[in-house]
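**Q** File follows, protein_34.pdb with PDB, C-alpha atoms and all ligand atoms:
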```
ATOM      1  CA  MET A   1      11.089   2.283 -17.342  1.00  0.00           C
ATOM      2  CA  THR A   2       8.394   3.160 -14.808  1.00  0.00           C
ATOM      3  CA  VAL A   3       8.657   2.463 -11.094  1.00  0.00           C
ATOM      4  CA  ALA A   4       5.488   2.071  -9.050  1.00  0.00           C
ATOM      5  CA  VAL A   5       5.947   3.137  -5.440  1.00  0.00           C
ATOM      6  CA  LEU A   6       3.439   1.778  -2.951  1.00  0.00           C
ATOM      7  CA  ALA A   7       2.032   4.982  -1.454  1.00  0.00           C
ATOM      8  CA  VAL A   8      -0.594   3.910   1.072  1.00  0.00           C
ATOM      9  CA  GLN A   9       1.515   4.649   4.178  1.00  0.00           C
ATOM     10  CA  GLY A  10       5.080   5.286   5.243  1.00  0.00           C
ATOM     11  CA  ALA A  11       8.229   6.751   3.701  1.00  0.00           C
ATOM     12  CA  PHE A  12       7.347   6.613   0.011  1.00  0.00           C
ATOM     13  CA  GLU A  13       8.133  10.272  -0.830  1.00  0.00           C
ATOM     14  CA  GLU A  14      11.834   9.752  -0.170  1.00  0.00           C
ATOM     15  CA  HIS A  15      11.975   6.805  -2.555  1.00  0.00           C
ATOM     16  CA  LYS A  16      10.168   8.841  -5.186  1.00  0.00           C
ATOM     17  CA  LYS A  17      12.617  11.703  -4.880  1.00  0.00           C
ATOM     18  CA  MET A  18      15.622   9.465  -5.174  1.00  0.00           C
ATOM     19  CA  LEU A  19      14.223   7.597  -8.189  1.00  0.00           C
ATOM     20  CA  LEU A  20      13.215  10.821  -9.963  1.00  0.00           C
ATOM     21  CA  GLY A  21      16.713  12.142  -9.307  1.00  0.00           C
ATOM     22  CA  LEU A  22      18.076   9.096 -11.088  1.00  0.00           C
ATOM     23  CA  GLY A  23      15.906   9.820 -14.115  1.00  0.00           C
ATOM     24  CA  ALA A  24      13.267   7.113 -13.577  1.00  0.00           C
ATOM     25  CA  LYS A  25       9.598   7.644 -14.238  1.00  0.00           C
ATOM     26  CA  VAL A  26       7.598   7.134 -11.032  1.00  0.00           C
ATOM     27  CA  ILE A  27       3.934   6.481 -10.328  1.00  0.00           C
ATOM     28  CA  GLU A  28       2.226   6.081  -6.955  1.00  0.00           C
ATOM     29  CA  LEU A  29       0.077   3.103  -6.057  1.00  0.00           C
ATOM     30  CA  ARG A  30      -2.713   4.401  -3.828  1.00  0.00           C
ATOM     31  CA  LYS A  31      -5.735   2.434  -5.053  1.00  0.00           C
ATOM     32  CA  ALA A  32      -6.600  -0.579  -7.219  1.00  0.00           C
ATOM     33  CA  GLU A  33      -7.131   1.599 -10.280  1.00  0.00           C
ATOM     34  CA  ASP A  34      -3.477   2.661 -10.185  1.00  0.00           C
ATOM     35  CA  LEU A  35      -2.547  -0.940 -10.997  1.00  0.00           C
ATOM     36  CA  LYS A  36      -3.884  -0.413 -14.528  1.00  0.00           C
ATOM     37  CA  LYS A  37      -1.093   2.051 -15.228  1.00  0.00           C
ATOM     38  CA  ASP A  38       1.973   0.879 -17.013  1.00  0.00           C
ATOM     39  CA  PHE A  39       4.886   0.020 -14.696  1.00  0.00           C
ATOM     40  CA  ASN A  40       7.650  -2.546 -14.589  1.00  0.00           C
ATOM     41  CA  ARG A  41       9.247  -2.021 -11.179  1.00  0.00           C
ATOM     42  CA  LEU A  42       7.875  -1.892  -7.632  1.00  0.00           C
ATOM     43  CA  VAL A  43       9.069  -0.187  -4.444  1.00  0.00           C
ATOM     44  CA  LEU A  44       7.728  -1.261  -1.056  1.00  0.00           C
ATOM     45  CA  PRO A  45       8.742   1.508   1.375  1.00  0.00           C
ATOM     46  CA  GLY A  46       9.321   1.579   5.110  1.00  0.00           C
ATOM     47  CA  GLY A  47       6.511   2.411   7.469  1.00  0.00           C
ATOM     48  CA  GLU A  48       4.221   0.146   9.437  1.00  0.00           C
ATOM     49  CA  SER A  49       3.982  -3.284   7.850  1.00  0.00           C
ATOM     50  CA  THR A  50       0.757  -4.249   9.623  1.00  0.00           C
ATOM     51  CA  VAL A  51      -0.993  -1.108   8.354  1.00  0.00           C
ATOM     52  CA  GLN A  52       0.403  -1.471   4.841  1.00  0.00           C
ATOM     53  CA  GLY A  53      -0.567  -5.153   4.671  1.00  0.00           C
ATOM     54  CA  LYS A  54      -4.095  -4.398   5.817  1.00  0.00           C
ATOM     55  CA  LEU A  55      -4.493  -1.531   3.334  1.00  0.00           C
ATOM     56  CA  LEU A  56      -3.140  -3.615   0.453  1.00  0.00           C
ATOM     57  CA  ARG A  57      -5.958  -6.086   1.002  1.00  0.00           C
ATOM     58  CA  GLU A  58      -8.679  -3.550   1.759  1.00  0.00           C
ATOM     59  CA  LEU A  59      -7.814  -1.483  -1.292  1.00  0.00           C
ATOM     60  CA  GLY A  60      -7.815  -4.547  -3.537  1.00  0.00           C
ATOM     61  CA  MET A  61      -4.143  -4.383  -4.536  1.00  0.00           C
ATOM     62  CA  PHE A  62      -2.776  -7.470  -2.816  1.00  0.00           C
ATOM     63  CA  GLU A  63      -3.399 -10.247  -5.338  1.00  0.00           C
ATOM     64  CA  SER A  64      -2.328  -8.387  -8.431  1.00  0.00           C
ATOM     65  CA  LEU A  65       0.924  -7.214  -6.861  1.00  0.00           C
ATOM     66  CA  GLN A  66       1.700 -10.643  -5.421  1.00  0.00           C
ATOM     67  CA  LYS A  67       1.218 -12.179  -8.867  1.00  0.00           C
ATOM     68  CA  ARG A  68       3.475  -9.623 -10.534  1.00  0.00           C
ATOM     69  CA  ILE A  69       6.214 -10.169  -7.946  1.00  0.00           C
ATOM     70  CA  GLU A  70       5.947 -13.934  -8.466  1.00  0.00           C
ATOM     71  CA  GLU A  71       6.158 -13.393 -12.213  1.00  0.00           C
ATOM     72  CA  GLY A  72       9.489 -11.624 -11.828  1.00  0.00           C
ATOM     73  CA  MET A  73       8.904  -7.874 -11.665  1.00  0.00           C
ATOM     74  CA  PRO A  74      11.899  -6.273  -9.895  1.00  0.00           C
ATOM     75  CA  VAL A  75      11.045  -5.173  -6.348  1.00  0.00           C
ATOM     76  CA  LEU A  76      12.966  -2.966  -3.946  1.00  0.00           C
ATOM     77  CA  ALA A  77      11.717  -3.429  -0.387  1.00  0.00           C
ATOM     78  CA  THR A  78      12.954  -1.462   2.602  1.00  0.00           C
ATOM     79  CA  CYS A  79      12.232  -2.162   6.260  1.00  0.00           C
ATOM     80  CA  ALA A  80       8.435  -2.650   6.496  1.00  0.00           C
ATOM     81  CA  GLY A  81       8.628  -3.606   2.808  1.00  0.00           C
ATOM     82  CA  LEU A  82      10.944  -6.487   3.699  1.00  0.00           C
ATOM     83  CA  ILE A  83       8.370  -7.671   6.240  1.00  0.00           C
ATOM     84  CA  LEU A  84       5.659  -7.565   3.540  1.00  0.00           C
ATOM     85  CA  LEU A  85       7.731  -9.836   1.296  1.00  0.00           C
ATOM     86  CA  ALA A  86       8.842 -12.316   3.977  1.00  0.00           C
ATOM     87  CA  LYS A  87       7.541 -15.847   3.897  1.00  0.00           C
ATOM     88  CA  GLU A  88       7.614 -16.047   7.706  1.00  0.00           C
ATOM     89  CA  ILE A  89       7.603 -13.570  10.587  1.00  0.00           C
ATOM     90  CA  SER A  90       8.858 -15.106  13.806  1.00  0.00           C
ATOM     91  CA  ASN A  91       7.146 -12.703  16.207  1.00  0.00           C
ATOM     92  CA  ASP A  92       3.952 -11.710  14.415  1.00  0.00           C
ATOM     93  CA  ALA A  93       0.962 -13.624  13.080  1.00  0.00           C
ATOM     94  CA  GLY A  94       0.420 -11.351  10.063  1.00  0.00           C
ATOM     95  CA  ARG A  95       1.657 -12.419   6.623  1.00  0.00           C
ATOM     96  CA  CYS A  96       1.560 -10.517   3.360  1.00  0.00           C
ATOM     97  CA  PHE A  97       3.105 -11.432  -0.007  1.00  0.00           C
ATOM     98  CA  GLN A  98       5.279 -14.320   1.271  1.00  0.00           C
ATOM     99  CA  THR A  99       7.319 -14.299  -1.932  1.00  0.00           C
ATOM    100  CA  LEU A 100      10.735 -14.041  -0.228  1.00  0.00           C
ATOM    101  CA  PRO A 101      11.868 -17.277   1.458  1.00  0.00           C
ATOM    102  CA  VAL A 102      13.193 -15.762   4.678  1.00  0.00           C
ATOM    103  CA  THR A 103      12.073 -15.532   8.295  1.00  0.00           C
ATOM    104  CA  VAL A 104      12.145 -11.995   9.664  1.00  0.00           C
ATOM    105  CA  LYS A 105      11.844 -10.680  13.168  1.00  0.00           C
ATOM    106  CA  ARG A 106       9.927  -7.396  13.474  1.00  0.00           C
ATOM    107  CA  ASN A 107      11.293  -4.577  15.642  1.00  0.00           C
ATOM    108  CA  ALA A 108      14.217  -6.888  16.155  1.00  0.00           C
ATOM    109  CA  TYR A 109      16.567  -4.429  17.808  1.00  0.00           C
ATOM    110  CA  GLY A 110      14.257  -3.690  20.706  1.00  0.00           C
ATOM    111  CA  ARG A 111      13.349  -0.332  22.175  1.00  0.00           C
ATOM    112  CA  GLN A 112      16.747   0.924  23.216  1.00  0.00           C
ATOM    113  CA  LEU A 113      18.319   0.316  19.850  1.00  0.00           C
ATOM    114  CA  GLY A 114      15.166   1.429  18.059  1.00  0.00           C
ATOM    115  CA  SER A 115      17.076   3.601  15.634  1.00  0.00           C
ATOM    116  CA  PHE A 116      20.757   3.481  14.808  1.00  0.00           C
ATOM    117  CA  PHE A 117      23.274   4.100  12.092  1.00  0.00           C
ATOM    118  CA  TYR A 118      25.859   1.629  10.880  1.00  0.00           C
ATOM    119  CA  GLU A 119      28.390   1.892   8.087  1.00  0.00           C
ATOM    120  CA  GLY A 120      28.832  -1.607   6.712  1.00  0.00           C
ATOM    121  CA  GLU A 121      29.699  -3.658   3.672  1.00  0.00           C
ATOM    122  CA  ILE A 122      27.086  -4.596   1.089  1.00  0.00           C
ATOM    123  CA  LYS A 123      28.079  -7.330  -1.319  1.00  0.00           C
ATOM    124  CA  GLY A 124      28.544  -5.928  -4.815  1.00  0.00           C
ATOM    125  CA  ILE A 125      28.258  -2.322  -3.588  1.00  0.00           C
ATOM    126  CA  GLY A 126      30.884  -1.761  -0.876  1.00  0.00           C
ATOM    127  CA  GLN A 127      30.746   0.356   2.268  1.00  0.00           C
ATOM    128  CA  TYR A 128      27.283   1.769   2.691  1.00  0.00           C
ATOM    129  CA  PRO A 129      25.576   4.088   5.240  1.00  0.00           C
ATOM    130  CA  MET A 130      22.735   2.110   6.814  1.00  0.00           C
ATOM    131  CA  GLU A 131      19.925   3.882   8.685  1.00  0.00           C
ATOM    132  CA  PHE A 132      17.911   1.535  10.888  1.00  0.00           C
ATOM    133  CA  ILE A 133      14.539   2.656  12.279  1.00  0.00           C
ATOM    134  CA  ARG A 134      12.640   0.136  14.413  1.00  0.00           C
ATOM    135  CA  ALA A 135      14.049  -2.318  11.954  1.00  0.00           C
ATOM    136  CA  PRO A 136      13.505  -6.000  11.386  1.00  0.00           C
ATOM    137  CA  TYR A 137      16.347  -8.394  10.686  1.00  0.00           C
ATOM    138  CA  ILE A 138      16.399 -11.711   8.898  1.00  0.00           C
ATOM    139  CA  GLU A 139      16.765 -14.643  11.244  1.00  0.00           C
ATOM    140  CA  LYS A 140      16.847 -17.305   8.571  1.00  0.00           C
ATOM    141  CA  ALA A 141      17.217 -17.295   4.797  1.00  0.00           C
ATOM    142  CA  ASP A 142      16.725 -20.229   2.443  1.00  0.00           C
ATOM    143  CA  GLU A 143      19.808 -21.498   0.622  1.00  0.00           C
ATOM    144  CA  GLU A 144      18.926 -19.890  -2.702  1.00  0.00           C
ATOM    145  CA  VAL A 145      18.670 -16.426  -1.119  1.00  0.00           C
ATOM    146  CA  SER A 146      21.811 -14.356  -1.592  1.00  0.00           C
ATOM    147  CA  VAL A 147      22.883 -12.603   1.618  1.00  0.00           C
ATOM    148  CA  LEU A 148      24.156  -9.099   0.769  1.00  0.00           C
ATOM    149  CA  ALA A 149      24.837  -7.658   4.217  1.00  0.00           C
ATOM    150  CA  GLU A 150      25.049  -8.612   7.865  1.00  0.00           C
ATOM    151  CA  VAL A 151      25.253  -6.319  10.872  1.00  0.00           C
ATOM    152  CA  LYS A 152      26.323  -7.678  14.238  1.00  0.00           C
ATOM    153  CA  GLY A 153      25.794 -11.246  13.043  1.00  0.00           C
ATOM    154  CA  ASN A 154      22.293 -10.651  11.681  1.00  0.00           C
ATOM    155  CA  ILE A 155      21.277 -10.584   8.020  1.00  0.00           C
ATOM    156  CA  VAL A 156      20.029  -7.141   6.983  1.00  0.00           C
ATOM    157  CA  ALA A 157      20.022  -7.248   3.168  1.00  0.00           C
ATOM    158  CA  VAL A 158      19.259 -10.003   0.671  1.00  0.00           C
ATOM    159  CA  GLN A 159      18.501 -10.628  -2.953  1.00  0.00           C
ATOM    160  CA  TYR A 160      16.341 -13.467  -4.179  1.00  0.00           C
ATOM    161  CA  LYS A 161      15.746 -13.480  -7.920  1.00  0.00           C
ATOM    162  CA  ASN A 162      13.850 -10.227  -8.653  1.00  0.00           C
ATOM    163  CA  GLN A 163      13.495  -9.216  -4.987  1.00  0.00           C
ATOM    164  CA  LEU A 164      16.016  -6.868  -3.365  1.00  0.00           C
ATOM    165  CA  ALA A 165      15.165  -6.365   0.294  1.00  0.00           C
ATOM    166  CA  MET A 166      16.788  -4.725   3.288  1.00  0.00           C
ATOM    167  CA  SER A 167      16.164  -3.803   6.916  1.00  0.00           C
ATOM    168  CA  PHE A 168      17.502  -0.282   6.597  1.00  0.00           C
ATOM    169  CA  HIS A 169      16.546   2.853   4.630  1.00  0.00           C
ATOM    170  CA  PRO A 170      18.713   3.703   1.603  1.00  0.00           C
ATOM    171  CA  GLU A 171      16.131   6.347   0.607  1.00  0.00           C
ATOM    172  CA  LEU A 172      16.995   8.354   3.736  1.00  0.00           C
ATOM    173  CA  THR A 173      20.655   8.731   2.748  1.00  0.00           C
ATOM    174  CA  GLU A 174      22.329  10.629  -0.070  1.00  0.00           C
ATOM    175  CA  ASP A 175      23.776   7.388  -1.388  1.00  0.00           C
ATOM    176  CA  THR A 176      21.926   6.315  -4.527  1.00  0.00           C
ATOM    177  CA  ARG A 177      23.811   3.087  -5.274  1.00  0.00           C
ATOM    178  CA  ILE A 178      21.089   0.703  -4.088  1.00  0.00           C
ATOM    179  CA  HIS A 179      18.434   2.478  -6.139  1.00  0.00           C
ATOM    180  CA  GLU A 180      20.779   2.468  -9.134  1.00  0.00           C
ATOM    181  CA  GLN A 181      21.285  -1.264  -8.739  1.00  0.00           C
ATOM    182  CA  PHE A 182      17.522  -1.721  -8.519  1.00  0.00           C
ATOM    183  CA  LEU A 183      16.975   0.293 -11.704  1.00  0.00           C
ATOM    184  CA  SER A 184      19.565  -1.813 -13.503  1.00  0.00           C
ATOM    185  CA  MET A 185      17.859  -5.134 -12.650  1.00  0.00           C
ATOM    186  CA  ILE A 186      16.542  -6.996 -15.664  1.00  0.00           C
ATOM    187  CA  ASP A 187      12.773  -7.249 -15.932  1.00  0.00           C
TER     188      ASP A 187
HETATM  189  N1  LIG B 201       8.685  -1.480  12.752  1.00  0.00           N
HETATM  190  C1  LIG B 201       8.058  -1.406  11.475  1.00  0.00           C
HETATM  191  C2  LIG B 201       7.217  -2.653  11.195  1.00  0.00           C
HETATM  192  O1  LIG B 201       7.300  -3.588  11.907  1.00  0.00           O
HETATM  193  C3  LIG B 201       9.080  -1.216  10.375  1.00  0.00           C
HETATM  194  C4  LIG B 201       9.816   0.082  10.581  1.00  0.00           C
HETATM  195  C5  LIG B 201      10.219   0.790   9.327  1.00  0.00           C
HETATM  196  O2  LIG B 201       9.756   0.486   8.226  1.00  0.00           O
HETATM  197  N2  LIG B 201      11.070   1.759   9.493  1.00  0.00           N
HETATM  198  O3  LIG B 201       6.484  -2.685  10.263  1.00  0.00           O
END
```
Translate this file's structure into structure tokens.
Ligand code: GLN
**A**
Amino acid sequence: MTVAVLAVQGAFEEHKKMLLGLGAKVIELRKAEDLKKDFNRLVLPGGESTVQGKLLRELGMFESLQKRIEEGMPVLATCAGLILLAKEISNDAGRCFQTLPVTVKRNAYGRQLGSFFYEGEIKGIGQYPMEFIRAPYIEKADEEVSVLAEVKGNIVAVQYKNQLAMSFHPELTEDTRIHEQFLSMID
């Protein structure tokens, strides 16, 4: 099993470390040529979704990755990664892959609550330490999307078919259960 981590901007190193620690093979996606390498999993890290979306197109990686996500390759998306997958963004005109039928709100917790920690329940996993950094939340999810976690009445983690997406940063904790679940998804 080889996981490709999008490495054009943001917190990709932390994902890499966690995945390597779990025994996965990891490659970085920095340019179109990297897409020729063999991989069967994708990680979309946190960072700045507008920058990542722009780079994906400029570097010629957008279409191929969108197709592979649509075809069922397991994806783990955190924070900005969730925004890249979202079908709709309520407070931004940019759109990226649009493979996840949810509406997200960027920087949804405002300035004062820019970053916060919350220990909450994730369906199928249990209590989990959630690190939020200028995070989005999901305002609306289609019926077929499975809601995995809510914080203060807002959806913060979902699964839809091959796409596992969350507002917070599991790669910044010591808790590897989300990455383990991702590695155990069937491709
Ligand atoms: N605020 C960022 C965005 O809108 C996401 C923040 C993050 O990934 N930690 O893209």
**Q** What residues of the protein or nucleic acid chains come within 6 Å of ligand LIG 201 (chain B) when you use all atoms listed in the file? Reply as JSON, numbers by chain.
**A** {"A": [46, 47, 48, 49, 50, 79, 80, 106, 107, 133, 134, 135]}
**Q** Would you write out, as a PDB file with C-alpha atoms, in the frame of the given file, every residue that the PyMOL selection byres (((chain A and resi 160) around 7) and not hetatm) captures in this file?
**A**
```pdb
ATOM      1  CA  LEU A 100      10.735 -14.041  -0.228  1.00  0.00           C
ATOM      2  CA  VAL A 145      18.670 -16.426  -1.119  1.00  0.00           C
ATOM      3  CA  SER A 146      21.811 -14.356  -1.592  1.00  0.00           C
ATOM      4  CA  VAL A 158      19.259 -10.003   0.671  1.00  0.00           C
ATOM      5  CA  GLN A 159      18.501 -10.628  -2.953  1.00  0.00           C
ATOM      6  CA  LYS A 161      15.746 -13.480  -7.920  1.00  0.00           C
ATOM      7  CA  ASN A 162      13.850 -10.227  -8.653  1.00  0.00           C
ATOM      8  CA  GLN A 163      13.495  -9.216  -4.987  1.00  0.00           C
ATOM      9  CA  LEU A 164      16.016  -6.868  -3.365  1.00  0.00           C
TER      10      LEU A 164
END
```
**Q** Write out as a list in words each polymer residue whose atoms come within 8 Å of A:Ile178, counting all atoms listed in the file; drop sequence neighbours fewer than 4 positions from it.
**A**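 Close residues of A:Ile178: Ile125, Pro170 and Phe182 of chain A.
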**Q** With a distance cut-off of 10 Å and all atoms listed in the file, select the neighbouring residues of A:Ile83, excluding the residue or stretch itself and same-chain residues fewer than 4 positions from it, and output the selection as a PDB file with C-alpha atoms, in the coordinates of the input.
**A**
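Listed below is the output, out15.pdb:
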```pdb
ATOM      1  CA  LEU A  44       7.728  -1.261  -1.056  1.00  0.00           C
ATOM      2  CA  GLY A  46       9.321   1.579   5.110  1.00  0.00           C
ATOM      3  CA  GLU A  48       4.221   0.146   9.437  1.00  0.00           C
ATOM      4  CA  SER A  49       3.982  -3.284   7.850  1.00  0.00           C
ATOM      5  CA  THR A  50       0.757  -4.249   9.623  1.00  0.00           C
ATOM      6  CA  GLY A  53      -0.567  -5.153   4.671  1.00  0.00           C
ATOM      7  CA  ALA A  77      11.717  -3.429  -0.387  1.00  0.00           C
ATOM      8  CA  THR A  78      12.954  -1.462   2.602  1.00  0.00           C
ATOM      9  CA  CYS A  79      12.232  -2.162   6.260  1.00  0.00           C
ATOM     10  CA  LYS A  87       7.541 -15.847   3.897  1.00  0.00           C
ATOM     11  CA  GLU A  88       7.614 -16.047   7.706  1.00  0.00           C
ATOM     12  CA  ILE A  89       7.603 -13.570  10.587  1.00  0.00           C
ATOM     13  CA  GLY A  94       0.420 -11.351  10.063  1.00  0.00           C
ATOM     14  CA  ARG A  95       1.657 -12.419   6.623  1.00  0.00           C
ATOM     15  CA  CYS A  96       1.560 -10.517   3.360  1.00  0.00           C
ATOM     16  CA  PHE A  97       3.105 -11.432  -0.007  1.00  0.00           C
ATOM     17  CA  GLN A  98       5.279 -14.320   1.271  1.00  0.00           C
ATOM     18  CA  LEU A 100      10.735 -14.041  -0.228  1.00  0.00           C
ATOM     19  CA  VAL A 102      13.193 -15.762   4.678  1.00  0.00           C
ATOM     20  CA  THR A 103      12.073 -15.532   8.295  1.00  0.00           C
ATOM     21  CA  VAL A 104      12.145 -11.995   9.664  1.00  0.00           C
ATOM     22  CA  LYS A 105      11.844 -10.680  13.168  1.00  0.00           C
ATOM     23  CA  ARG A 106       9.927  -7.396  13.474  1.00  0.00           C
ATOM     24  CA  ALA A 135      14.049  -2.318  11.954  1.00  0.00           C
ATOM     25  CA  PRO A 136      13.505  -6.000  11.386  1.00  0.00           C
ATOM     26  CA  TYR A 137      16.347  -8.394  10.686  1.00  0.00           C
ATOM     27  CA  ILE A 138      16.399 -11.711   8.898  1.00  0.00           C
ATOM     28  CA  ALA A 165      15.165  -6.365   0.294  1.00  0.00           C
ATOM     29  CA  MET A 166      16.788  -4.725   3.288  1.00  0.00           C
ATOM     30  CA  SER A 167      16.164  -3.803   6.916  1.00  0.00           C
TER      31      SER A 167
END
```
**Q** State, in Å with one decimal place, the distance from atom CA of A:Gly72 to atom CA of A:Tyr128.
**A** 26.6 Å
**Q** For A:Val43, find every residue with an atom within 6 Å (counting only C-alpha atoms), except residues of its own chain fewer than 3 positions away, and show them as an mmCIF file with C-alpha atoms, keeping the file's coordinate frame.
**A**
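Resulting contents of result_2.cif:
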```cif
data_model
loop_
_atom_site.group_PDB
_atom_site.id
_atom_site.type_symbol
_atom_site.label_atom_id
_atom_site.label_comp_id
_atom_site.auth_asym_id
_atom_site.auth_seq_id
_atom_site.Cartn_x
_atom_site.Cartn_y
_atom_site.Cartn_z
ATOM 1 C CA VAL A 5 5.947 3.137 -5.440
ATOM 2 C CA VAL A 75 11.045 -5.173 -6.348
ATOM 3 C CA LEU A 76 12.966 -2.966 -3.946
ATOM 4 C CA ALA A 77 11.717 -3.429 -0.387
#
```
**Q** Of the candidates A:Leu84, A:Leu35, A:Leu20, A:Ala93, which shows the shortest atom-to-atom distance to A:Gln52, using all atoms listed in the file?
**A** A:Leu84
**Q** Which is closest to A:Val156 among A:Asp187, A:Asp34, A:Glu70, A:Glu121, if we use all atoms listed in the file?
**A** A:Glu121
